[in-house]
>>> print(open('query23.cif').read())   # mmCIF, C-alpha atoms and all ligand atoms
data_target
#
loop_
_atom_site.label_atom_id
_atom_site.label_comp_id
_atom_site.auth_asym_id
_atom_site.auth_seq_id
_atom_site.Cartn_x
_atom_site.Cartn_y
_atom_site.Cartn_z
CA MET A 11 -30.78 -52.47 0.92
CA GLN A 12 -28.66 -49.65 -0.43
CA ASP A 13 -30.16 -46.30 -1.22
CA PHE A 14 -29.10 -45.15 -4.70
CA ALA A 15 -30.92 -41.81 -4.58
CA PRO A 16 -28.38 -39.07 -5.39
CA ALA A 17 -27.32 -36.93 -2.42
CA ARG A 18 -28.94 -33.50 -2.20
CA THR A 19 -27.73 -30.07 -1.14
CA THR A 20 -29.34 -26.71 -0.40
CA SER A 21 -28.25 -23.33 -1.72
CA TRP A 22 -29.71 -19.84 -1.37
CA ARG A 23 -30.55 -18.73 -4.88
CA LEU A 24 -31.23 -15.42 -6.54
CA ASN A 25 -33.89 -16.13 -9.18
CA ALA A 26 -34.38 -12.55 -10.41
CA SER A 27 -32.74 -9.17 -9.72
CA CYS A 28 -33.74 -7.41 -6.49
CA GLU A 29 -35.64 -10.43 -5.18
CA ALA A 30 -35.01 -12.25 -1.89
CA LEU A 31 -32.76 -15.31 -2.05
CA VAL A 32 -34.67 -18.61 -1.92
CA ALA A 33 -33.47 -21.85 -0.30
CA THR A 34 -33.37 -24.36 -3.14
CA ASP A 35 -32.79 -28.09 -2.93
CA GLU A 36 -30.74 -29.64 -5.76
CA PRO A 37 -28.55 -32.68 -6.49
CA ARG A 38 -25.18 -32.56 -4.76
CA PRO A 39 -22.39 -32.30 -7.36
CA VAL A 40 -19.88 -35.15 -7.60
CA PRO A 41 -16.31 -33.85 -8.13
CA LYS A 42 -14.42 -34.99 -11.25
CA GLY A 43 -10.74 -34.69 -12.16
CA ARG A 44 -9.10 -32.05 -9.95
CA GLU A 45 -12.42 -30.71 -8.66
CA VAL A 46 -13.14 -30.51 -4.93
CA LEU A 47 -16.58 -30.43 -3.31
CA MET A 48 -16.45 -28.29 -0.16
CA ARG A 49 -18.89 -28.38 2.74
CA VAL A 50 -19.33 -24.67 3.53
CA SER A 51 -18.86 -23.76 7.20
CA HIS A 52 -18.74 -19.94 6.88
CA CYS A 53 -19.44 -17.40 4.16
CA GLY A 54 -18.98 -13.63 4.53
CA VAL A 55 -21.56 -11.14 3.26
CA CYS A 56 -20.06 -8.41 1.07
CA HIS A 57 -21.31 -5.11 -0.34
CA SER A 58 -20.89 -6.54 -3.84
CA ASP A 59 -23.55 -9.13 -2.97
CA ILE A 60 -25.97 -6.20 -2.76
CA HIS A 61 -24.85 -4.91 -6.17
CA ILE A 62 -25.14 -8.41 -7.64
CA ARG A 63 -28.64 -8.79 -6.22
CA GLU A 64 -29.60 -5.40 -7.67
CA GLY A 65 -27.95 -6.38 -10.95
CA LYS A 66 -26.36 -2.98 -11.57
CA TYR A 67 -23.71 -0.37 -10.74
CA ASN A 68 -24.04 3.41 -10.92
CA LEU A 69 -21.83 4.81 -13.71
CA GLY A 70 -22.71 8.47 -13.10
CA GLY A 71 -24.47 10.86 -15.45
CA GLY A 72 -27.69 8.85 -15.03
CA LYS A 73 -26.11 5.73 -16.56
CA THR A 74 -25.92 2.26 -15.00
CA LEU A 75 -23.97 -0.92 -15.73
CA ASP A 76 -26.26 -3.91 -16.16
CA LEU A 77 -24.49 -6.95 -14.70
CA SER A 78 -26.27 -9.33 -17.08
CA GLN A 79 -23.79 -7.95 -19.66
CA ARG A 80 -21.00 -9.24 -17.42
CA GLY A 81 -21.94 -12.89 -17.54
CA LEU A 82 -24.40 -12.97 -14.64
CA LYS A 83 -27.07 -15.55 -15.22
CA MET A 84 -30.00 -16.40 -12.99
CA PRO A 85 -30.62 -18.42 -11.00
CA LEU A 86 -27.43 -17.68 -9.09
CA THR A 87 -26.05 -18.67 -5.69
CA LEU A 88 -24.23 -15.65 -4.23
CA GLY A 89 -21.46 -15.61 -1.61
CA HIS A 90 -17.74 -15.29 -2.34
CA GLU A 91 -16.01 -15.29 1.08
CA ILE A 92 -16.07 -19.01 1.62
CA ILE A 93 -14.38 -21.33 4.07
CA GLY A 94 -15.25 -24.93 4.70
CA THR A 95 -14.07 -28.50 4.92
CA VAL A 96 -13.38 -30.85 2.05
CA ASP A 97 -16.42 -33.09 1.50
CA SER A 98 -15.17 -35.18 -1.42
CA VAL A 99 -12.48 -34.93 -4.10
CA GLY A 100 -12.08 -35.84 -7.76
CA PRO A 101 -9.82 -38.79 -8.65
CA ASP A 102 -6.87 -36.55 -9.64
CA VAL A 103 -6.74 -34.50 -6.41
CA THR A 104 -3.51 -35.01 -4.43
CA THR A 105 -3.16 -32.13 -1.92
CA VAL A 106 -6.33 -32.31 0.18
CA LYS A 107 -8.52 -35.03 1.67
CA PRO A 108 -12.04 -35.09 3.13
CA GLY A 109 -12.20 -33.20 6.43
CA ASP A 110 -9.40 -30.71 5.62
CA ARG A 111 -10.39 -27.10 6.34
CA ARG A 112 -9.58 -24.66 3.56
CA LEU A 113 -10.26 -21.06 2.51
CA LEU A 114 -11.40 -20.71 -1.10
CA HIS A 115 -9.86 -18.37 -3.64
CA THR A 116 -13.10 -17.42 -5.39
CA TRP A 117 -11.75 -15.15 -8.21
CA ILE A 118 -11.40 -17.95 -10.73
CA GLY A 119 -11.03 -17.29 -14.46
CA CYS A 120 -11.21 -19.43 -17.58
CA GLY A 121 -7.86 -21.04 -16.80
CA GLU A 122 -6.80 -20.80 -20.46
CA CYS A 123 -6.04 -17.16 -21.34
CA PRO A 124 -2.64 -15.42 -20.86
CA LEU A 125 -3.88 -13.61 -17.73
CA CYS A 126 -5.08 -16.83 -16.10
CA LYS A 127 -1.91 -18.68 -17.07
CA SER A 128 0.23 -16.00 -15.43
CA GLY A 129 -1.80 -16.15 -12.20
CA ASP A 130 -4.05 -13.13 -12.72
CA GLU A 131 -7.30 -15.12 -12.91
CA ASN A 132 -9.05 -12.24 -11.12
CA LEU A 133 -8.56 -10.18 -14.32
CA CYS A 134 -9.84 -12.83 -16.75
CA ALA A 135 -12.31 -11.61 -19.40
CA ALA A 136 -14.34 -14.80 -18.99
CA PRO A 137 -14.56 -15.01 -15.20
CA GLN A 138 -16.07 -17.94 -13.33
CA PHE A 139 -16.01 -16.19 -9.95
CA LEU A 140 -17.70 -18.23 -7.25
CA GLY A 141 -20.82 -16.38 -6.12
CA VAL A 142 -20.86 -14.13 -9.19
CA GLN A 143 -20.87 -16.24 -12.36
CA ALA A 144 -20.49 -19.68 -10.74
CA ARG A 145 -22.33 -21.06 -7.72
CA GLY A 146 -21.14 -19.47 -4.51
CA GLY A 147 -21.05 -20.05 -0.80
CA PHE A 148 -24.51 -19.17 0.50
CA ALA A 149 -25.04 -22.91 0.42
CA ASP A 150 -24.32 -26.20 2.15
CA HIS A 151 -21.79 -27.18 -0.52
CA VAL A 152 -19.75 -25.51 -3.23
CA LEU A 153 -17.81 -27.12 -6.07
CA VAL A 154 -14.32 -25.78 -6.83
CA ARG A 155 -12.75 -26.35 -10.26
CA ASP A 156 -9.26 -27.14 -9.04
CA GLU A 157 -7.59 -28.00 -5.75
CA GLU A 158 -5.06 -25.21 -6.39
CA PHE A 159 -7.70 -22.64 -5.33
CA LEU A 160 -7.79 -23.98 -1.76
CA VAL A 161 -5.69 -22.08 0.80
CA ASN A 162 -4.54 -23.51 4.12
CA VAL A 163 -5.56 -21.27 7.05
CA ASP A 164 -4.73 -23.63 9.93
CA GLY A 165 -4.63 -21.86 13.28
CA MET A 166 -6.83 -18.97 12.15
CA ASP A 167 -10.38 -18.13 13.25
CA PRO A 168 -12.42 -19.43 10.28
CA ALA A 169 -14.95 -16.58 10.44
CA VAL A 170 -12.14 -14.04 10.17
CA ALA A 171 -10.22 -16.00 7.54
CA ALA A 172 -13.36 -16.21 5.36
CA THR A 173 -13.29 -12.43 4.95
CA TYR A 174 -9.73 -12.60 3.58
CA ALA A 175 -11.06 -14.06 0.30
CA CYS A 176 -12.64 -10.74 -0.69
CA SER A 177 -12.17 -7.84 1.70
CA GLY A 178 -8.72 -8.98 2.85
CA VAL A 179 -7.19 -9.73 -0.53
CA THR A 180 -8.81 -6.60 -1.99
CA VAL A 181 -7.01 -4.43 0.56
CA PHE A 182 -3.75 -6.33 0.17
CA SER A 183 -3.79 -6.03 -3.62
CA ALA A 184 -4.50 -2.27 -3.41
CA VAL A 185 -1.67 -1.72 -0.92
CA ASN A 186 0.65 -3.80 -3.15
CA LYS A 187 0.04 -1.26 -5.92
CA ILE A 188 1.62 1.56 -3.87
CA ARG A 189 4.70 -0.42 -2.88
CA PRO A 190 7.59 0.03 -2.48
CA HIS A 191 7.00 2.92 -0.11
CA ARG A 192 9.64 5.66 0.00
CA GLU A 193 10.52 6.91 3.44
CA GLY A 194 9.08 10.32 4.31
CA GLU A 195 6.26 10.09 1.80
CA LYS A 196 2.62 10.28 2.77
CA ILE A 197 -0.47 8.19 2.08
CA ALA A 198 -4.18 9.11 2.19
CA VAL A 199 -6.84 6.46 2.84
CA PHE A 200 -10.35 7.44 1.77
CA GLY A 201 -13.19 5.57 3.49
CA CYS A 202 -12.60 4.09 6.94
CA GLY A 203 -15.22 1.33 6.99
CA GLY A 204 -14.21 -2.33 7.02
CA LEU A 205 -11.83 -2.21 4.05
CA GLY A 206 -10.34 1.15 4.98
CA GLN A 207 -9.65 0.03 8.53
CA THR A 208 -8.00 -3.15 7.31
CA ALA A 209 -5.87 -0.97 5.03
CA LEU A 210 -4.85 1.25 7.94
CA GLN A 211 -3.84 -1.84 9.95
CA LEU A 212 -1.92 -3.28 7.02
CA LEU A 213 -0.07 -0.01 6.26
CA LYS A 214 0.89 0.18 9.93
CA ALA A 215 2.09 -3.44 9.95
CA LEU A 216 4.17 -2.80 6.82
CA GLY A 217 5.64 0.41 8.26
CA MET A 218 4.14 2.58 5.50
CA GLY A 219 3.11 6.17 6.12
CA PRO A 220 2.51 8.71 7.67
CA VAL A 221 -1.15 8.14 6.84
CA ILE A 222 -4.13 10.50 6.81
CA ALA A 223 -7.52 8.81 7.21
CA VAL A 224 -10.41 10.50 5.39
CA ASP A 225 -14.03 9.83 6.34
CA PRO A 226 -17.10 12.01 6.94
CA SER A 227 -18.11 9.96 10.00
CA PRO A 228 -16.61 11.22 13.30
CA GLU A 229 -17.00 7.69 14.68
CA LYS A 230 -14.93 6.18 11.86
CA ARG A 231 -12.30 8.91 12.20
CA ARG A 232 -12.05 8.02 15.92
CA GLN A 233 -11.62 4.35 15.00
CA ALA A 234 -8.86 5.35 12.56
CA GLU A 235 -7.17 7.37 15.30
CA ALA A 236 -7.33 4.35 17.58
CA ILE A 237 -5.46 2.32 14.95
CA GLY A 238 -2.80 5.02 14.98
CA VAL A 239 -2.87 7.33 11.95
CA ALA A 240 -0.93 10.59 11.73
CA ALA A 241 -4.04 12.67 10.95
CA THR A 242 -7.72 12.46 10.06
CA LEU A 243 -9.81 14.56 7.72
CA ASP A 244 -13.52 15.23 7.24
CA PRO A 245 -13.90 15.35 3.44
CA ASN A 246 -17.04 17.46 3.79
CA ALA A 247 -15.19 20.26 5.61
CA PRO A 248 -15.22 23.43 3.46
CA ASP A 249 -11.41 23.56 3.57
CA ALA A 250 -10.86 19.79 3.09
CA ALA A 251 -8.51 20.27 0.11
CA GLN A 252 -6.41 22.80 2.02
CA GLN A 253 -6.25 20.52 5.08
CA LEU A 254 -5.10 17.65 2.90
CA ALA A 255 -2.45 19.87 1.26
CA ALA A 256 -1.24 21.04 4.67
CA PHE A 257 -0.84 17.42 5.82
CA ALA A 258 0.82 16.37 2.56
CA GLY A 259 3.38 19.18 2.39
CA GLY A 260 3.87 18.27 -1.27
CA ARG A 261 4.62 14.64 -0.40
CA LEU A 262 1.33 12.80 -0.92
CA ALA A 263 2.70 9.89 -2.96
CA SER A 264 -0.37 7.67 -2.84
CA ALA A 265 -4.05 7.56 -2.13
CA LEU A 266 -6.22 4.49 -1.61
CA ASP A 267 -9.88 5.20 -2.31
CA PHE A 268 -12.23 2.65 -0.73
CA VAL A 269 -15.26 4.84 -1.49
CA GLY A 270 -14.92 5.49 -5.20
CA SER A 271 -17.20 8.50 -5.42
CA GLU A 272 -16.71 11.58 -7.59
CA ASP A 273 -15.85 13.63 -4.48
CA THR A 274 -13.29 11.26 -3.01
CA ALA A 275 -11.55 10.60 -6.33
CA MET A 276 -11.24 14.33 -7.12
CA LEU A 277 -10.00 15.23 -3.64
CA ALA A 278 -7.41 12.47 -3.92
CA ILE A 279 -6.24 13.33 -7.44
CA ASN A 280 -5.90 17.02 -6.65
CA GLY A 281 -3.95 16.21 -3.48
CA LEU A 282 -1.31 13.94 -5.06
CA ARG A 283 2.26 15.09 -5.60
CA LYS A 284 3.81 14.81 -9.08
CA GLY A 285 4.20 11.17 -10.03
CA GLY A 286 1.68 10.15 -7.37
CA THR A 287 -0.75 7.25 -7.62
CA LEU A 288 -4.44 6.94 -6.83
CA VAL A 289 -5.68 3.38 -6.45
CA LEU A 290 -9.46 3.18 -6.86
CA VAL A 291 -11.12 0.30 -5.08
CA GLY A 292 -14.57 1.45 -3.96
CA LEU A 293 -17.56 1.04 -6.23
CA PHE A 294 -19.78 3.82 -4.90
CA GLY A 295 -20.06 5.08 -8.47
CA GLY A 296 -20.11 8.23 -10.51
CA GLU A 297 -17.78 9.53 -13.19
CA LEU A 298 -14.48 11.36 -13.40
CA ARG A 299 -13.97 14.59 -15.33
CA TYR A 300 -10.39 15.78 -15.19
CA PRO A 301 -8.26 17.86 -17.61
CA LEU A 302 -6.20 15.41 -19.71
CA PRO A 303 -3.07 17.61 -19.93
CA PHE A 304 -2.68 17.29 -16.15
CA PHE A 305 -2.01 13.55 -16.43
CA PRO A 306 1.28 14.06 -18.32
CA MET A 307 2.13 17.39 -16.65
CA ARG A 308 1.71 15.93 -13.16
CA ALA A 309 2.75 12.43 -14.26
CA ILE A 310 0.06 10.96 -12.03
CA THR A 311 -1.35 7.44 -12.19
CA VAL A 312 -4.98 6.58 -11.58
CA ARG A 313 -5.46 2.85 -11.48
CA GLY A 314 -8.20 0.49 -10.47
CA SER A 315 -7.77 -2.52 -8.25
CA TYR A 316 -10.24 -5.38 -8.27
CA VAL A 317 -10.08 -8.11 -5.62
CA GLY A 318 -6.76 -9.98 -5.91
CA SER A 319 -4.93 -13.01 -7.24
CA LEU A 320 -4.45 -16.42 -5.64
CA LYS A 321 -0.79 -15.52 -5.04
CA GLU A 322 -1.83 -12.34 -3.24
CA LEU A 323 -4.37 -14.23 -1.11
CA LYS A 324 -1.66 -16.67 -0.01
CA GLU A 325 0.75 -13.80 0.72
CA PHE A 326 -1.93 -11.98 2.69
CA VAL A 327 -2.80 -15.05 4.78
CA ALA A 328 0.90 -15.55 5.58
CA LEU A 329 1.34 -11.87 6.47
CA ALA A 330 -1.80 -11.75 8.62
CA LYS A 331 -0.46 -14.75 10.60
CA GLN A 332 3.02 -13.26 10.89
CA VAL A 333 2.05 -9.75 12.05
CA LYS A 334 -1.10 -10.91 13.91
CA LEU A 335 -3.25 -8.46 11.97
CA PRO A 336 -6.14 -7.40 14.25
CA PRO A 337 -9.43 -8.74 12.82
CA ILE A 338 -12.24 -6.44 11.75
CA PRO A 339 -15.35 -6.85 13.94
CA ILE A 340 -17.25 -9.97 12.87
CA GLU A 341 -20.93 -10.58 13.45
CA LYS A 342 -21.85 -14.26 13.07
CA ARG A 343 -25.35 -15.19 11.94
CA PRO A 344 -26.94 -18.43 10.74
CA MET A 345 -26.89 -19.09 6.99
CA SER A 346 -30.71 -19.11 7.00
CA ALA A 347 -30.61 -15.39 7.94
CA VAL A 348 -28.94 -14.45 4.63
CA ASN A 349 -31.76 -12.17 3.43
CA GLU A 350 -31.85 -10.22 6.73
CA ALA A 351 -28.06 -9.94 6.57
CA LEU A 352 -28.18 -8.44 3.07
CA HIS A 353 -30.92 -6.08 4.18
CA ASP A 354 -29.03 -4.88 7.26
CA LEU A 355 -25.85 -4.38 5.24
CA GLU A 356 -27.76 -2.36 2.66
CA GLU A 357 -29.24 -0.20 5.44
CA GLY A 358 -25.76 0.46 6.84
CA LYS A 359 -26.60 -1.30 10.12
CA VAL A 360 -23.49 -3.48 10.19
CA ALA A 361 -20.23 -2.48 11.88
CA GLY A 362 -17.55 -4.68 10.33
CA ARG A 363 -18.54 -7.88 8.56
CA ILE A 364 -21.42 -10.34 8.77
CA VAL A 365 -20.25 -13.93 8.40
CA LEU A 366 -22.92 -16.57 7.90
CA GLU A 367 -22.45 -19.97 9.52
CA ASN A 368 -23.86 -23.35 8.63
CA ALA A 369 -25.09 -25.34 11.62
ZN ZN A 401 -16.75 -9.08 -1.94
ZN ZN A 402 -8.81 -16.46 -18.32
#
>>> encode(input="query23.cif", output="structure tokens", more="lines below")
Ligand SMILES: [Zn+2]
Ligand SMILES: [Zn+2]
Amino acid sequence: MQDFAPARTTSWRLNASCEALVATDEPRPVPKGREVLMRVSHCGVCHSDIHIREGKYNLGGGKTLDLSQRGLKMPLTLGHEIIGTVDSVGPDVTTVKPGDRRLLHTWIGCGECPLCKSGDENLCAAPQFLGVQARGGFADHVLVRDEEFLVNVDGMDPAVAATYACSGVTVFSAVNKIRPHREGEKIAVFGCGGLGQTALQLLKALGMGPVIAVDPSPEKRRQAEAIGVAATLDPNAPDAAQQLAAFAGGRLASALDFVGSEDTAMLAINGLRKGGTLVLVGLFGGELRYPLPFFPMRAITVRGSYVGSLKELKEFVALAKQVKLPPIPIEKRPMSAVNEALHDLEEGKVAGRIVLENA
């Protein structure tokens, strides 16, 4: 006798802000059209998962951004650094088959607006990001809208490749915004945690610099030195601005800020040469107060960078293979330890990245 009961799947759900995620059993989706159902093997845990669980960002001046205004609806399955194998495919899928391992581009938009149609789905005003608005990868399975969002990472360590979907492509997209690099010009990198260290490796691989690495932690400055930067700086030193100016010698063309605090942004902006660019990536929070006439007089650019596009993810995967980009330290844990992982990340107890694995 055949069993016609629909197949089931488990996902770790957030039912209300600030609560623990709860393992929830539900029917397993059946892919239609160009959809692909992936069996998740690994999913990275990101700082934004903590913000999403809290449901807010700090905007400075006592104000916060409530993420429910950004399309977040509970219950929600978090997790946006997903790698897995194809479980089943819709009838119109032509490029993958069950069993194929793929990395997921999770920054999916509406697919209809001008930004989505030109490949900038990560900037869509109606995002369907996996693990943010749509069901994510802290789960056994995840449904992807279109096979085009699957990236081939054959030959790569899946736990490392998973992190490329968010932390990797975020760094790559930020570095792209300060290219092309002019010889003899200098770059400052603020924040030398996971993202900052990946940026230092990438700048080195691309031959960009000299670079100054800025971080209050002596340990992280030592790690930056080990990667091979020209100088390091403690931003809390009383003469930090003067030290930065001495390094720059009037040639600080770009700054990448992976912290995004009032202090880092101001130190960076004040240190730039005329025509220089600050790329803000970090979401620490706060607000910027800066005299408007200085923007035209110094012709500086302050721009934000948010994750990256599918094209950038593919370029980054190819580059990481080509230059053998050293991986950030990865700590593997079972998927069932997701709540402890979020807790440890929040407490700052994680060096590098936690990647959750399904058994
Ligand atoms: Zn992330
Ligand atoms: Zn769109």
>>> closest_residue(input="query23.cif", among="A:Ser177, A:Ser78, A:Gln138, A:Thr87", to="ligand ZN 401 (chain A)", atoms="only C-alpha atoms and all ligand atoms")
A:Ser177
>>> closest_atom_pairs(input="query23.cif", of="chain A", to="ligand ZN 401 (chain A)", cutoff="10 Å", atoms="only C-alpha atoms and all ligand atoms", output="Markdown table")
| residue | atom | partner | partner_atom | distance |
| --- | --- | --- | --- | --- |
| A:Gly54 | CA | A:ZN401 | ZN | 8.2 |
| A:Val55 | CA | A:ZN401 | ZN | 7.4 |
| A:Cys56 | CA | A:ZN401 | ZN | 4.5 |
| A:His57 | CA | A:ZN401 | ZN | 6.3 |
| A:Ser58 | CA | A:ZN401 | ZN | 5.2 |
| A:Asp59 | CA | A:ZN401 | ZN | 6.9 |
| A:Ile60 | CA | A:ZN401 | ZN | 9.7 |
| A:Gly89 | CA | A:ZN401 | ZN | 8.1 |
| A:His90 | CA | A:ZN401 | ZN | 6.3 |
| A:Glu91 | CA | A:ZN401 | ZN | 6.9 |
| A:Thr116 | CA | A:ZN401 | ZN | 9.7 |
| A:Gly141 | CA | A:ZN401 | ZN | 9.3 |
| A:Val142 | CA | A:ZN401 | ZN | 9.7 |
| A:Thr173 | CA | A:ZN401 | ZN | 8.4 |
| A:Tyr174 | CA | A:ZN401 | ZN | 9.6 |
| A:Ala175 | CA | A:ZN401 | ZN | 7.9 |
| A:Cys176 | CA | A:ZN401 | ZN | 4.6 |
| A:Ser177 | CA | A:ZN401 | ZN | 6.0 |
| A:Gly178 | CA | A:ZN401 | ZN | 9.4 |
| A:Val179 | CA | A:ZN401 | ZN | 9.7 |
| A:Thr180 | CA | A:ZN401 | ZN | 8.3 |
| A:Tyr316 | CA | A:ZN401 | ZN | 9.8 |
| A:Val317 | CA | A:ZN401 | ZN | 7.7 |
>>> residues_near_point(input="query23.cif", point="(-21.0, -19.7, -15.4)", cutoff="8 Å", atoms="all atoms listed in the file", output="PyMOL selection string")
chain A and resi 81-83+137-138+143-145
>>> residues_around(input="query23.cif", residues="Lys342 in chain A", least_positions_apart="3", cutoff="10 Å", atoms="only C-alpha atoms", output="PyMOL selection string")
chain A and resi 52-54+169+339+345+351+363-367
>>> residues_near_ligand(input="query23.cif", ligand="ligand ZN 402 (chain A)", cutoff="8 Å", atoms="all atoms listed in the file", output="list in words")
Gly119, Cys120, Gly121, Glu122, Cys123, Pro124, Leu125, Cys126, Lys127, Glu131, Leu133, Cys134, Ala135, Ala136 and Pro137 of chain A
>>> residues_around(input="query23.cif", residues="Lys66 in chain A", least_positions_apart="3", cutoff="9 Å", atoms="only C-alpha atoms", output="PyMOL selection string")
chain A and resi 61-63+74-78
>>> residues_near_point(input="query23.cif", point="(-8.9, 16.5, 7.5)", cutoff="12 Å", atoms="only C-alpha atoms", output="count of residues only")
33
>>> closest_residue(input="query23.cif", among="A:Ile279, A:Leu205, A:Val333, A:Ala328", to="Val163 in chain A", atoms="all atoms listed in the file")
A:Ala328
>>> closest_residue(input="query23.cif", among="A:Lys214, A:Lys196, A:Lys331, A:Arg44", to="Asn162 in chain A", atoms="only C-alpha atoms")
A:Lys331
>>> residues_around(input="query23.cif", residues="Glu322 in chain A", least_positions_apart="4", cutoff="8 Å", atoms="all atoms listed in the file", output="list in words")
Val179, Phe182, Ser183, Gly318 and Phe326 of chain A
>>> atom_distance(input="query23.cif", atom1="CA of Ala184 in chain A", atom2="CA of Glu157 in chain A")
26.0 Å
>>> atom_distance(input="query23.cif", atom1="CA of Pro41 in chain A", atom2="CA of Met166 in chain A")
26.9 Å
>>> atom_distance(input="query23.cif", atom1="CA of Phe139 in chain A", atom2="CA of Thr105 in chain A")
22.0 Å
>>> residues_around(input="query23.cif", residues="Glu193 in chain A", least_positions_apart="4", cutoff="12 Å", atoms="only C-alpha atoms", output="MDAnalysis selection string")
chainID A and resid 189 197 217:220 261:263
>>> write_last_selection(input="query23.cif", atoms="C-alpha atoms", output="short mmCIF file (atom, residue, chain, number, x, y, z; two decimals), keeping the file's coordinate frame")
data_model
loop_
_atom_site.label_atom_id
_atom_site.label_comp_id
_atom_site.auth_asym_id
_atom_site.auth_seq_id
_atom_site.Cartn_x
_atom_site.Cartn_y
_atom_site.Cartn_z
CA ARG A 189 4.70 -0.42 -2.88
CA ILE A 197 -0.47 8.19 2.08
CA GLY A 217 5.64 0.41 8.26
CA MET A 218 4.14 2.58 5.50
CA GLY A 219 3.11 6.17 6.12
CA PRO A 220 2.51 8.71 7.67
CA ARG A 261 4.62 14.64 -0.40
CA LEU A 262 1.33 12.80 -0.92
CA ALA A 263 2.70 9.89 -2.96
#
>>> build_atoms(input="query23.cif", residues="range 131-142 of chain A", atoms="N, CA and C atoms", output="CSV table (one decimal), in the frame of the given file")
chain,number,residue,atom,x,y,z
A,131,GLU,N,-6.0,-14.6,-12.6
A,131,GLU,CA,-7.3,-15.1,-12.9
A,131,GLU,C,-8.4,-14.1,-12.5
A,132,ASN,N,-8.1,-13.3,-11.5
A,132,ASN,CA,-9.0,-12.2,-11.1
A,132,ASN,C,-9.3,-11.2,-12.2
A,133,LEU,N,-8.4,-11.2,-13.2
A,133,LEU,CA,-8.6,-10.2,-14.3
A,133,LEU,C,-9.0,-10.8,-15.6
A,134,CYS,N,-9.4,-12.1,-15.6
A,134,CYS,CA,-9.8,-12.8,-16.8
A,134,CYS,C,-11.1,-12.2,-17.4
A,135,ALA,N,-11.2,-12.2,-18.7
A,135,ALA,CA,-12.3,-11.6,-19.4
A,135,ALA,C,-13.5,-12.6,-19.4
A,136,ALA,N,-13.2,-13.8,-19.1
A,136,ALA,CA,-14.3,-14.8,-19.0
A,136,ALA,C,-14.4,-15.4,-17.6
A,137,PRO,N,-14.7,-14.5,-16.6
A,137,PRO,CA,-14.6,-15.0,-15.2
A,137,PRO,C,-15.6,-16.1,-14.9
A,138,GLN,N,-15.2,-16.9,-13.9
A,138,GLN,CA,-16.1,-17.9,-13.3
A,138,GLN,C,-16.0,-17.8,-11.8
A,139,PHE,N,-16.1,-16.5,-11.4
A,139,PHE,CA,-16.0,-16.2,-10.0
A,139,PHE,C,-17.1,-16.9,-9.2
A,140,LEU,N,-16.7,-17.6,-8.1
A,140,LEU,CA,-17.7,-18.2,-7.2
A,140,LEU,C,-18.6,-17.2,-6.6
A,141,GLY,N,-19.9,-17.3,-6.7
A,141,GLY,CA,-20.8,-16.4,-6.1
A,141,GLY,C,-21.1,-15.2,-7.0
A,142,VAL,N,-20.6,-15.2,-8.2
A,142,VAL,CA,-20.9,-14.1,-9.2
A,142,VAL,C,-21.3,-14.8,-10.5
